[in-house]
$ cat protein_4.cif   # mmCIF, C-alpha atoms and all ligand atoms
data_model
#
loop_
_atom_site.label_atom_id
_atom_site.label_comp_id
_atom_site.auth_asym_id
_atom_site.auth_seq_id
_atom_site.Cartn_x
_atom_site.Cartn_y
_atom_site.Cartn_z
CA MET E 89 -104.81 80.15 50.31
CA PRO E 90 -104.48 76.61 51.78
CA PRO E 91 -102.57 76.12 55.05
CA SER E 92 -98.81 75.54 54.74
CA CYS E 93 -96.96 72.27 55.21
CA ASN E 94 -93.37 73.16 56.13
CA ILE E 95 -90.92 70.61 54.81
CA ALA E 96 -87.40 69.68 55.85
CA LEU E 97 -85.62 67.63 53.21
CA LEU E 98 -82.66 65.53 54.36
CA GLY E 99 -80.41 64.87 51.36
CA GLN E 100 -79.36 66.95 48.40
CA LYS E 101 -78.22 64.47 45.78
CA PHE E 102 -80.32 62.71 43.07
CA MET E 103 -83.44 62.30 45.22
CA GLY E 104 -82.85 65.69 46.79
CA ARG E 105 -83.26 67.19 43.34
CA ALA E 106 -86.21 64.99 42.37
CA HIS E 107 -88.06 65.84 45.59
CA SER E 108 -87.17 69.56 45.47
CA ASN E 109 -88.56 69.74 41.94
CA ALA E 110 -91.72 67.97 43.09
CA TYR E 111 -92.29 70.36 46.00
CA GLN E 112 -91.77 73.31 43.66
CA ARG E 113 -94.23 72.05 41.02
CA ALA E 114 -97.04 70.27 42.87
CA SER E 115 -99.12 73.31 43.79
CA CYS E 116 -98.78 74.65 40.22
CA PHE E 117 -100.57 71.62 38.75
CA PHE E 118 -102.79 70.30 41.54
CA ASN E 119 -105.33 72.12 43.71
CA LEU E 120 -103.70 71.08 46.97
CA PRO E 121 -105.42 71.23 50.38
CA LEU E 122 -102.00 72.05 51.88
CA LYS E 123 -99.27 74.15 50.31
CA PRO E 124 -95.85 72.48 50.47
CA VAL E 125 -93.36 75.07 51.74
CA MET E 126 -89.70 74.34 51.04
CA HIS E 127 -88.55 75.33 54.52
CA THR E 128 -85.11 73.71 55.13
CA ILE E 129 -82.72 71.64 53.07
CA VAL E 130 -80.26 69.54 55.07
CA GLY E 131 -77.01 68.14 53.73
CA ARG E 132 -73.49 67.32 54.86
CA ASP E 133 -71.74 69.42 52.25
CA LEU E 134 -72.09 73.00 53.52
CA ILE E 135 -70.32 74.45 50.47
CA ALA E 136 -72.87 72.84 48.13
CA LEU E 137 -75.87 73.57 50.35
CA ALA E 138 -76.15 77.34 49.83
CA PRO E 139 -76.22 77.15 46.02
CA PHE E 140 -78.56 74.15 46.20
CA ALA E 141 -80.98 76.04 48.46
CA ASP E 142 -80.82 79.06 46.16
CA ARG E 143 -81.26 77.06 42.95
CA TRP E 144 -84.22 75.04 44.21
CA GLY E 145 -85.89 77.68 46.41
CA TRP E 146 -85.30 76.36 49.92
CA LYS E 147 -85.79 79.10 52.55
CA LYS E 148 -83.07 77.80 54.87
CA TYR E 149 -80.26 75.26 54.90
CA ASN E 150 -78.54 73.38 57.68
CA THR E 151 -75.96 70.61 58.07
CA SER E 152 -77.52 69.25 61.29
CA TRP E 153 -80.50 66.99 60.65
CA LYS E 154 -80.78 66.36 64.41
CA GLU E 155 -81.36 70.04 65.00
CA VAL E 156 -83.79 70.51 62.11
CA VAL E 157 -86.13 67.57 62.85
CA LYS E 158 -86.84 69.10 66.27
CA GLU E 159 -87.72 72.56 64.96
CA SER E 160 -91.33 73.43 65.83
CA ALA E 161 -91.81 75.04 62.39
CA ILE E 162 -91.30 71.74 60.57
CA ASP E 163 -94.36 69.61 59.72
CA LEU E 164 -92.95 66.95 57.39
CA VAL E 165 -89.45 65.43 57.35
CA ASP E 166 -88.45 63.98 54.00
CA ILE E 167 -85.61 61.45 54.25
CA SER E 168 -83.59 61.14 51.03
CA THR E 169 -80.31 60.04 52.54
CA PRO E 170 -78.44 56.74 52.14
CA ASN E 171 -80.29 53.68 53.45
CA TYR E 172 -78.25 53.28 56.67
CA MET E 173 -79.43 56.69 57.88
CA HIS E 174 -83.17 56.10 57.37
CA ALA E 175 -83.97 54.49 60.73
CA GLU E 176 -82.18 56.94 63.03
CA GLN E 177 -83.57 59.92 61.15
CA ALA E 178 -87.12 58.56 60.94
CA LEU E 179 -87.23 57.63 64.63
CA ALA E 180 -85.95 61.07 65.63
CA ALA E 181 -88.50 62.79 63.39
CA LEU E 182 -91.40 60.66 64.67
CA SER E 183 -90.42 61.23 68.29
CA ALA E 184 -90.38 64.97 67.50
CA GLY E 185 -93.98 64.61 66.30
CA LYS E 186 -93.26 65.06 62.59
CA HIS E 187 -94.82 63.31 59.62
CA VAL E 188 -92.14 61.37 57.71
CA ALA E 189 -91.72 60.61 54.01
CA CYS E 190 -88.77 58.24 53.49
CA GLU E 191 -87.10 57.21 50.24
CA LYS E 192 -87.12 53.53 49.26
CA PRO E 193 -86.17 51.02 50.39
CA LEU E 194 -87.55 51.62 53.86
CA ALA E 195 -84.13 50.73 55.25
CA GLY E 196 -80.95 48.86 54.43
CA THR E 197 -81.78 46.05 56.85
CA LEU E 198 -84.93 44.29 58.08
CA LYS E 199 -83.95 45.19 61.64
CA ASP E 200 -83.92 48.90 60.85
CA ALA E 201 -87.11 48.61 58.82
CA ARG E 202 -88.83 46.85 61.73
CA ALA E 203 -87.80 49.60 64.14
CA MET E 204 -89.29 52.18 61.74
CA LYS E 205 -92.53 50.23 61.38
CA VAL E 206 -92.86 49.83 65.16
CA ALA E 207 -92.15 53.51 65.82
CA ALA E 208 -94.74 54.51 63.21
CA SER E 209 -97.32 52.16 64.78
CA ARG E 210 -96.89 53.89 68.14
CA THR E 211 -98.02 57.31 66.97
CA ARG E 212 -101.54 58.37 66.03
CA LYS E 213 -100.45 61.91 65.22
CA CYS E 214 -97.73 61.29 62.63
CA LYS E 215 -98.27 59.84 59.17
CA THR E 216 -95.56 57.95 57.31
CA PHE E 217 -94.94 57.51 53.59
CA VAL E 218 -92.35 55.76 51.41
CA TRP E 219 -91.36 57.12 47.99
CA TYR E 220 -92.27 54.12 45.83
CA ASN E 221 -92.76 56.59 43.01
CA TYR E 222 -93.50 54.16 40.16
CA ARG E 223 -96.99 53.58 41.60
CA ARG E 224 -97.63 57.13 40.40
CA CYS E 225 -97.01 56.47 36.74
CA PRO E 226 -100.59 56.78 35.42
CA ALA E 227 -100.11 53.49 33.51
CA VAL E 228 -99.16 51.60 36.69
CA ALA E 229 -102.08 53.15 38.56
CA LEU E 230 -104.40 52.10 35.69
CA ALA E 231 -103.04 48.54 35.85
CA HIS E 232 -103.87 48.51 39.56
CA GLU E 233 -107.43 49.66 38.80
CA LEU E 234 -107.93 47.06 36.03
CA VAL E 235 -106.82 44.21 38.29
CA LYS E 236 -108.83 45.55 41.23
CA SER E 237 -111.99 45.74 39.07
CA GLY E 238 -111.57 42.07 38.09
CA LYS E 239 -110.71 42.74 34.44
CA LEU E 240 -107.97 40.11 34.55
CA GLY E 241 -109.84 37.64 36.75
CA LYS E 242 -107.74 35.11 38.64
CA LEU E 243 -104.06 35.98 38.35
CA TYR E 244 -101.58 33.35 37.14
CA HIS E 245 -98.28 35.15 36.47
CA VAL E 246 -96.28 38.17 37.65
CA ARG E 247 -93.13 38.73 35.61
CA ALA E 248 -91.02 41.70 36.74
CA ARG E 249 -87.52 42.92 36.08
CA TYR E 250 -85.55 46.06 36.74
CA LEU E 251 -82.49 46.27 34.50
CA GLN E 252 -79.82 48.96 34.75
CA SER E 253 -76.25 48.97 33.50
CA TRP E 254 -74.40 51.70 35.39
CA GLY E 255 -72.62 49.26 37.70
CA GLY E 256 -69.67 48.34 35.48
CA PRO E 257 -66.08 47.92 36.74
CA ASP E 258 -65.25 51.62 36.27
CA THR E 259 -68.09 52.74 38.57
CA PRO E 260 -66.52 53.97 41.81
CA LEU E 261 -67.20 52.39 45.19
CA VAL E 262 -70.04 54.76 46.13
CA TRP E 263 -72.27 54.03 49.12
CA ARG E 264 -74.66 51.91 47.05
CA PHE E 265 -71.92 49.28 46.69
CA GLN E 266 -71.15 49.01 50.40
CA LYS E 267 -73.30 46.81 52.66
CA LYS E 268 -72.73 48.94 55.77
CA TYR E 269 -74.35 51.90 53.97
CA ALA E 270 -76.81 50.30 51.54
CA GLY E 271 -77.68 46.95 53.12
CA SER E 272 -77.71 45.33 49.68
CA GLY E 273 -76.94 46.33 46.08
CA ALA E 274 -79.30 46.12 43.12
CA HIS E 275 -81.63 44.04 45.30
CA GLY E 276 -82.71 46.68 47.82
CA ASP E 277 -82.40 49.42 45.23
CA LEU E 278 -84.30 47.88 42.32
CA ASN E 279 -86.08 44.68 43.38
CA ALA E 280 -87.65 46.86 46.08
CA HIS E 281 -89.43 48.83 43.35
CA ILE E 282 -90.75 45.84 41.42
CA ILE E 283 -91.81 44.00 44.57
CA ASP E 284 -93.79 47.07 45.61
CA MET E 285 -95.25 47.42 42.10
CA ALA E 286 -96.23 43.74 42.02
CA ARG E 287 -97.89 43.97 45.45
CA PHE E 288 -99.62 47.23 44.48
CA ILE E 289 -100.94 46.14 41.07
CA THR E 290 -102.05 42.66 42.15
CA GLY E 291 -103.31 43.74 45.57
CA ASP E 292 -101.78 40.45 46.72
CA GLN E 293 -98.92 39.43 49.01
CA ILE E 294 -95.93 37.18 48.36
CA VAL E 295 -95.98 34.16 50.68
CA GLU E 296 -92.91 32.23 49.51
CA VAL E 297 -89.63 32.94 47.77
CA SER E 298 -87.46 30.30 46.08
CA GLY E 299 -84.84 29.79 43.39
CA ALA E 300 -83.00 32.92 44.46
CA ILE E 301 -79.57 33.86 43.17
CA ALA E 302 -77.50 36.78 44.44
CA GLU E 303 -74.33 37.51 42.48
CA THR E 304 -71.48 39.97 42.88
CA PHE E 305 -69.64 40.07 39.57
CA ILE E 306 -67.41 43.00 40.47
CA SER E 307 -65.88 42.72 43.92
CA GLU E 308 -63.36 45.55 43.62
CA ARG E 309 -64.14 49.08 42.52
CA PRO E 310 -62.08 52.29 42.19
CA LEU E 311 -62.39 54.42 45.30
CA PRO E 312 -64.40 57.63 44.67
CA ASN E 313 -62.12 60.59 43.79
CA ALA E 314 -59.30 58.20 43.09
CA GLY E 315 -59.55 58.76 39.39
CA GLY E 316 -62.96 57.07 39.30
CA LYS E 317 -64.25 56.21 35.86
CA GLY E 318 -61.43 55.32 33.49
CA ALA E 319 -58.83 55.70 36.22
CA VAL E 320 -57.53 52.29 35.43
CA GLY E 321 -56.36 52.82 31.90
CA ARG E 322 -55.93 50.12 29.29
CA GLY E 323 -52.27 50.85 28.75
CA ARG E 324 -49.39 49.40 30.82
CA SER E 325 -48.40 52.84 32.04
CA ALA E 326 -51.92 53.59 33.28
CA HIS E 327 -52.01 54.72 36.92
CA LYS E 328 -53.86 52.01 38.90
CA ALA E 329 -56.49 53.75 40.98
CA ALA E 330 -56.85 52.76 44.61
CA VAL E 331 -59.65 50.21 44.89
CA GLY E 332 -62.03 49.05 47.58
CA LYS E 333 -64.19 45.97 48.14
CA SER E 334 -67.78 45.91 46.99
CA ASP E 335 -69.65 43.56 49.35
CA VAL E 336 -73.15 43.78 47.88
CA ASP E 337 -74.98 42.05 45.06
CA ASP E 338 -74.75 43.33 41.51
CA CYS E 339 -77.89 41.34 40.75
CA VAL E 340 -80.54 39.26 42.52
CA LEU E 341 -83.07 37.00 40.80
CA PHE E 342 -85.81 35.05 42.56
CA LEU E 343 -89.14 33.24 42.12
CA ALA E 344 -92.22 33.89 44.23
CA ARG E 345 -95.60 32.48 45.13
CA PHE E 346 -98.48 34.85 45.93
CA HIS E 347 -101.21 34.26 48.51
CA GLY E 348 -103.84 34.22 45.78
CA GLY E 349 -102.01 31.48 43.87
CA ALA E 350 -100.13 33.44 41.22
CA VAL E 351 -96.45 32.69 40.63
CA GLY E 352 -93.84 35.35 39.98
CA SER E 353 -90.30 35.97 38.72
CA PHE E 354 -88.19 38.96 39.74
CA GLU E 355 -84.82 40.16 38.43
CA ALA E 356 -82.80 43.23 39.41
CA THR E 357 -79.37 44.09 38.11
CA ARG E 358 -76.96 46.96 37.52
CA LEU E 359 -75.10 45.03 34.82
CA ALA E 360 -77.73 44.50 32.11
CA THR E 361 -75.58 46.02 29.39
CA GLY E 362 -77.73 48.05 27.04
CA HIS E 363 -80.50 48.76 29.56
CA ASP E 364 -80.62 52.14 31.32
CA ASN E 365 -83.71 52.22 33.53
CA ASP E 366 -85.67 49.28 32.21
CA ASN E 367 -88.32 48.68 34.85
CA THR E 368 -90.97 46.34 33.42
CA ILE E 369 -93.80 44.23 34.76
CA GLU E 370 -96.35 41.94 33.09
CA ILE E 371 -99.28 40.28 34.78
CA ASN E 372 -101.31 37.48 33.18
CA GLY E 373 -104.75 36.41 34.39
CA GLU E 374 -107.62 34.20 33.22
CA PHE E 375 -109.36 37.11 31.44
CA GLY E 376 -106.33 38.98 30.11
CA GLY E 377 -103.07 40.70 30.87
CA VAL E 378 -101.33 44.02 31.47
CA ARG E 379 -97.78 44.99 30.58
CA PHE E 380 -95.81 48.10 31.61
CA ALA E 381 -92.32 49.30 30.67
CA PHE E 382 -91.06 52.44 32.43
CA GLU E 383 -88.96 53.53 29.44
CA ASP E 384 -92.34 53.96 27.68
CA MET E 385 -94.00 55.04 30.91
CA ASN E 386 -97.17 56.66 29.48
CA VAL E 387 -98.34 53.43 27.87
CA LEU E 388 -100.09 50.44 29.40
CA TRP E 389 -100.48 47.35 27.20
CA TYR E 390 -103.73 45.52 27.89
CA TYR E 391 -104.93 42.20 26.52
CA ASP E 392 -108.61 41.29 26.89
CA ALA E 393 -108.95 37.53 26.51
CA ARG E 394 -112.72 37.86 26.33
CA GLU E 395 -112.55 39.93 23.14
CA ASP E 396 -113.61 38.27 19.88
CA ALA E 397 -110.64 36.17 18.77
CA THR E 398 -110.68 37.81 15.34
CA THR E 399 -109.86 41.18 16.80
CA ALA E 400 -108.17 40.22 20.09
CA GLY E 401 -104.70 41.59 20.59
CA TRP E 402 -102.50 43.62 22.92
CA ARG E 403 -104.01 47.10 23.10
CA ARG E 404 -101.69 50.11 23.54
CA ILE E 405 -103.38 52.48 25.98
CA MET E 406 -101.88 55.99 26.12
CA CYS E 407 -102.59 56.89 29.74
CA THR E 408 -102.85 60.67 29.33
CA SER E 409 -106.60 61.16 29.12
CA ALA E 410 -108.07 63.51 31.72
CA GLY E 411 -110.91 61.90 33.64
CA ASN E 412 -109.98 58.44 32.40
CA HIS E 413 -106.47 57.92 33.70
CA PRO E 414 -105.05 58.72 37.17
CA TYR E 415 -103.30 62.10 37.47
CA ALA E 416 -103.80 62.87 33.74
CA GLY E 417 -106.23 65.71 34.43
CA ALA E 418 -103.64 67.66 36.39
CA TRP E 419 -101.19 67.83 33.52
CA TRP E 420 -101.46 68.32 29.79
CA PRO E 421 -103.92 67.49 26.96
CA ASP E 422 -104.14 63.90 25.68
CA GLY E 423 -100.89 62.55 24.30
CA HIS E 424 -98.69 65.20 25.93
CA VAL E 425 -96.70 62.68 27.85
CA LEU E 426 -95.26 62.71 31.38
CA GLY E 427 -91.76 61.84 32.56
CA TYR E 428 -89.88 60.45 35.54
CA GLU E 429 -90.09 63.69 37.49
CA HIS E 430 -93.89 63.77 37.29
CA THR E 431 -94.15 60.61 39.40
CA PHE E 432 -92.61 62.56 42.29
CA VAL E 433 -94.89 65.58 41.73
CA ASN E 434 -97.88 63.21 41.74
CA MET E 435 -96.56 61.77 45.01
CA VAL E 436 -96.29 65.21 46.65
CA ALA E 437 -99.89 65.90 45.65
CA ASP E 438 -100.98 62.61 47.25
CA ILE E 439 -98.97 63.26 50.43
CA MET E 440 -100.53 66.72 50.81
CA ALA E 441 -103.99 65.19 50.30
CA SER E 442 -103.30 62.52 52.91
CA LEU E 443 -101.96 65.02 55.45
CA ALA E 444 -105.13 67.06 54.94
CA GLY E 445 -107.24 63.99 55.71
CA LYS E 446 -108.27 63.46 52.11
CA GLU E 447 -107.92 60.41 49.86
CA PRO E 448 -104.79 60.33 47.67
CA ILE E 449 -105.35 59.55 43.97
CA VAL E 450 -103.28 56.38 44.42
CA PRO E 451 -102.71 54.55 47.75
CA LEU E 452 -99.59 55.73 49.55
CA PRO E 453 -97.23 53.13 51.04
CA THR E 454 -96.86 53.68 54.79
CA PHE E 455 -93.92 52.35 56.79
CA ALA E 456 -96.07 49.30 57.63
CA ASP E 457 -96.80 48.67 53.93
CA ALA E 458 -93.16 49.18 52.92
CA TYR E 459 -92.14 46.78 55.69
CA GLU E 460 -93.95 44.00 53.80
CA THR E 461 -91.74 44.73 50.78
CA GLN E 462 -88.68 44.71 53.05
CA ARG E 463 -89.69 41.24 54.31
CA VAL E 464 -89.72 39.95 50.73
CA LEU E 465 -86.28 41.48 50.15
CA GLU E 466 -85.01 39.68 53.24
CA ALA E 467 -86.66 36.37 52.30
CA ALA E 468 -85.02 36.47 48.87
CA MET E 469 -81.57 37.06 50.35
CA LEU E 470 -82.12 34.16 52.80
CA ALA E 471 -83.31 31.95 49.93
CA ALA E 472 -80.20 32.83 47.94
CA LYS E 473 -77.89 32.24 50.90
CA HIS E 474 -79.41 28.87 51.83
CA ARG E 475 -80.30 27.85 48.25
CA SER E 476 -83.76 26.91 49.49
CA ALA E 477 -87.34 28.12 49.55
CA VAL E 478 -88.23 30.62 52.28
CA ARG E 479 -91.79 31.20 53.47
CA LEU E 480 -92.62 34.76 54.45
CA SER E 481 -94.12 33.41 57.67
CA GLU E 482 -90.51 32.65 58.66
CA VAL E 483 -89.46 36.29 58.16
CA LYS E 484 -91.05 38.55 60.75
C1 LIG E 501 -80.65 53.70 41.09
O1 LIG E 501 -79.70 54.25 40.28
C2 LIG E 501 -81.91 54.55 41.04
O2 LIG E 501 -81.59 55.89 41.28
C3 LIG E 501 -82.86 54.09 42.13
O3 LIG E 501 -82.29 54.29 43.42
C4 LIG E 501 -84.16 54.85 42.01
O4 LIG E 501 -85.07 54.42 43.01
C5 LIG E 501 -84.73 54.59 40.62
O5 LIG E 501 -85.96 55.27 40.46
C6 LIG E 501 -83.75 55.05 39.55
O6 LIG E 501 -82.48 54.40 39.74
#
$ encode --input "protein_4.cif" --output "structure tokens" --more "lines below"
Ligand code: SOE
Amino acid sequence: MPPSCNIALLGQKFMGRAHSNAYQRASCFFNLPLKPVMHTIVGRDLIALAPFADRWGWKKYNTSWKEVVKESAIDLVDISTPNYMHAEQALAALSAGKHVACEKPLAGTLKDARAMKVAASRTRKCKTFVWYNYRRCPAVALAHELVKSGKLGKLYHVRARYLQSWGGPDTPLVWRFQKKYAGSGAHGDLNAHIIDMARFITGDQIVEVSGAIAETFISERPLPNAGGKGAVGRGRSAHKAAVGKSDVDDCVLFLARFHGGAVGSFEATRLATGHDNDNTIEINGEFGGVRFAFEDMNVLWYYDAREDATTAGWRRIMCTSAGNHPYAGAWWPDGHVLGYEHTFVNMVADIMASLAGKEPIVPLPTFADAYETQRVLEAAMLAAKHRSAVRLSEVK
């Protein structure tokens, strides 16, 4: 029986469920050097906490994260709370000598992210991780390996977009639409993912951002619990729900230059009508290209420019083959595909490996690594604000 890793999870909403599921499943599918123990779930809503703990198998529950992060029994603090809480919670956990796994983006602001990076750099005992889960799609991990092995040669283009459509005018003013809680809108939520993916797959860094546009199409939203979706009817007699100001972007687009010479385009939006969770990236190099679309997450498209022209073409690789594709051996036979939740289970397996001093299957973003993504987020917002190019050397 491997030693235990006692976990305290802060947050019980969407990521609270995704992470709880991952902690439950990981040791069923991977031979882990540490056994994740679901020790304490922390949330603000005491009424919802007891049933959540019971449903997901948490031993204890508590509404005070400050109390829990200091408990000697806790080994790993998992932060899945709104962005504005990340820094305070991570600093408290690190000063209590805990390892920390924080949801993306690292923080809502560069200032908070910097404080987290600095605090992490000052401890040799505690490890830090950031839940950039899309790295753990086997197809994305394979793309990383193909580029790293030189299969694409010199890279020319990175073309990434993350299109959602849940941010329409009926969507209530939840925390993600308020700068004081989120820091930014679709930008920090979705561009964060594709910036991390681009950096991970290319193994390169962005050195300049330009041509950035940040747009807020919907500046007023119904207040939560004020009738919410559909509260503002179409008829004259419809009750007009109370509204509040949304002060974050609904979309951010920008261009980028990479250190190695490649150029890139990035687009994140919550108003791409018709797209649900359309996270795609394509990379073109001198010897070929790779293309990934999360909504078909088990497939990597690969083009080998050195193949005989009579047979050359985009090859559809089903990344489910044990021994050939990352993580595939832990799951099902070839062709039995994985889903969104498996990326989090794969991440728990890698975190347990790292905490046990072993190599994860796929590199894990630390706070320092995730800070580099946060710098790009900041550079893009500055470029949009000043309608000019911003070099990353100007954003510390
Ligand atoms: C936004 O709705 C969101 O939940 C992101 O915050 C997640 O990181 C992404 O994986 C799915 O969409």
$ closest_residue --input "protein_4.cif" --among "E:Leu251, E:Leu137, E:Leu122, E:Val228" --to "ligand LIG 501 (chain E)" --atoms "all atoms listed in the file"
E:Leu251
$ atom_distance --input "protein_4.cif" --atom1 "CA of Trp389 in chain E" --atom2 "CA of His245 in chain E"
15.5 Å
$ atom_distance --input "protein_4.cif" --atom1 "CA of Val206 in chain E" --atom2 "CA of Leu480 in chain E"
18.5 Å
$ closest_atom_pairs --input "protein_4.cif" --of "chain E" --to "ligand LIG 501 (chain E)" --cutoff "9 Å" --atoms "all atoms listed in the file" --output "tab-separated table"
residue	atom	partner	partner_atom	distance
E:Phe102	CA	E:LIG501	O2	7.2
E:Met103	CA	E:LIG501	O2	7.7
E:Glu191	CA	E:LIG501	O4	8.0
E:Lys192	CA	E:LIG501	O4	6.6
E:Pro193	CA	E:LIG501	O4	8.2
E:Trp219	CA	E:LIG501	O4	8.5
E:Tyr220	CA	E:LIG501	O4	7.7
E:Asn221	CA	E:LIG501	O5	7.4
E:Tyr222	CA	E:LIG501	O5	7.6
E:Gln252	CA	E:LIG501	O1	7.7
E:Trp254	CA	E:LIG501	O1	7.6
E:Arg264	CA	E:LIG501	C1	8.6
E:Ala274	CA	E:LIG501	C1	8.0
E:Gly276	CA	E:LIG501	O3	8.8
E:Asp277	CA	E:LIG501	O3	5.2
E:Leu278	CA	E:LIG501	C3	6.4
E:Ala280	CA	E:LIG501	O4	8.6
E:His281	CA	E:LIG501	O4	7.1
E:Arg358	CA	E:LIG501	O1	8.3
E:Asp364	CA	E:LIG501	O6	8.9
E:Asn365	CA	E:LIG501	C6	6.7
E:Asn367	CA	E:LIG501	O5	9.0
E:Tyr428	CA	E:LIG501	O5	8.1
$ residues_around --input "protein_4.cif" --residues "Trp263 in chain E" --least-positions-apart "4" --cutoff "8 Å" --atoms "all atoms listed in the file" --output "PyMOL selection string"
chain E and resi 170+269-270
$ atom_distance --input "protein_4.cif" --atom1 "CA of Gly145 in chain E" --atom2 "CA of Met126 in chain E"
6.9 Å
$ closest_residue --input "protein_4.cif" --among "E:Ile135, E:Leu465, E:Leu261, E:Cys93" --to "Ala330 in chain E" --atoms "only C-alpha atoms"
E:Leu261
$ residues_around --input "protein_4.cif" --residues "range 295-309 of chain E" --least-positions-apart "2" --cutoff "9 Å" --atoms "all atoms listed in the file" --output "ChimeraX atom specification"
/E:255-262,265,273,275,293,311-312,316,330-347,359,464,467-473,475-481
$ closest_residue --input "protein_4.cif" --among "E:Arg224, E:Arg403, E:His232, E:Lys267" --to "Arg287 in chain E" --atoms "all atoms listed in the file"
E:His232
$ residues_around --input "protein_4.cif" --residues "range 371-387 of chain E" --least-positions-apart "6" --cutoff "8 Å" --atoms "only C-alpha atoms" --output "list in words"
Cys225, Pro226, Ala227, Val228, Ala231, Lys239, Leu240, Gly241, Lys242, Leu243, Tyr244, His245, Val246, Arg247, Asn365, Ala393, Arg394, Arg404, Ile405, Met406, Cys407, Thr408, Val425, Leu426 and Gly427 of chain E
$ write_last_selection --input "protein_4.cif" --atoms "C-alpha atoms" --output "JSON list (two decimals), in the frame of the given file"
[["chain", "number", "residue", "atom", "x", "y", "z"],
["E", 225, "CYS", "CA", -97.01, 56.47, 36.74],
["E", 226, "PRO", "CA", -100.59, 56.78, 35.42],
["E", 227, "ALA", "CA", -100.11, 53.49, 33.51],
["E", 228, "VAL", "CA", -99.16, 51.60, 36.69],
["E", 231, "ALA", "CA", -103.04, 48.54, 35.85],
["E", 239, "LYS", "CA", -110.71, 42.74, 34.44],
["E", 240, "LEU", "CA", -107.97, 40.11, 34.55],
["E", 241, "GLY", "CA", -109.84, 37.64, 36.75],
["E", 242, "LYS", "CA", -107.74, 35.11, 38.64],
["E", 243, "LEU", "CA", -104.06, 35.98, 38.35],
["E", 244, "TYR", "CA", -101.58, 33.35, 37.14],
["E", 245, "HIS", "CA", -98.28, 35.15, 36.47],
["E", 246, "VAL", "CA", -96.28, 38.17, 37.65],
["E", 247, "ARG", "CA", -93.13, 38.73, 35.61],
["E", 365, "ASN", "CA", -83.71, 52.22, 33.53],
["E", 393, "ALA", "CA", -108.95, 37.53, 26.51],
["E", 394, "ARG", "CA", -112.72, 37.86, 26.33],
["E", 404, "ARG", "CA", -101.69, 50.11, 23.54],
["E", 405, "ILE", "CA", -103.38, 52.48, 25.98],
["E", 406, "MET", "CA", -101.88, 55.99, 26.12],
["E", 407, "CYS", "CA", -102.59, 56.89, 29.74],
["E", 408, "THR", "CA", -102.85, 60.67, 29.33],
["E", 425, "VAL", "CA", -96.70, 62.68, 27.85],
["E", 426, "LEU", "CA", -95.26, 62.71, 31.38],
["E", 427, "GLY", "CA", -91.76, 61.84, 32.56]]
$ closest_residue --input "protein_4.cif" --among "E:Thr398, E:Thr169, E:Thr357, E:Asn412" --to "Tyr250 in chain E" --atoms "all atoms listed in the file"
E:Thr357
$ closest_residue --input "protein_4.cif" --among "E:Phe288, E:Phe432, E:Trp420, E:Trp402" --to "Pro453 in chain E" --atoms "all atoms listed in the file"
E:Phe288
$ closest_residue --input "protein_4.cif" --among "E:Asn434, E:Ser160, E:Gln112, E:Asn171" --to "Gly99 in chain E" --atoms "all atoms listed in the file"
E:Asn171
$ residues_around --input "protein_4.cif" --residues "Thr128 in chain E" --least-positions-apart "3" --cutoff "9 Å" --atoms "only C-alpha atoms" --output "PyMOL selection string"
chain E and resi 94-98+141+146-150+156+162
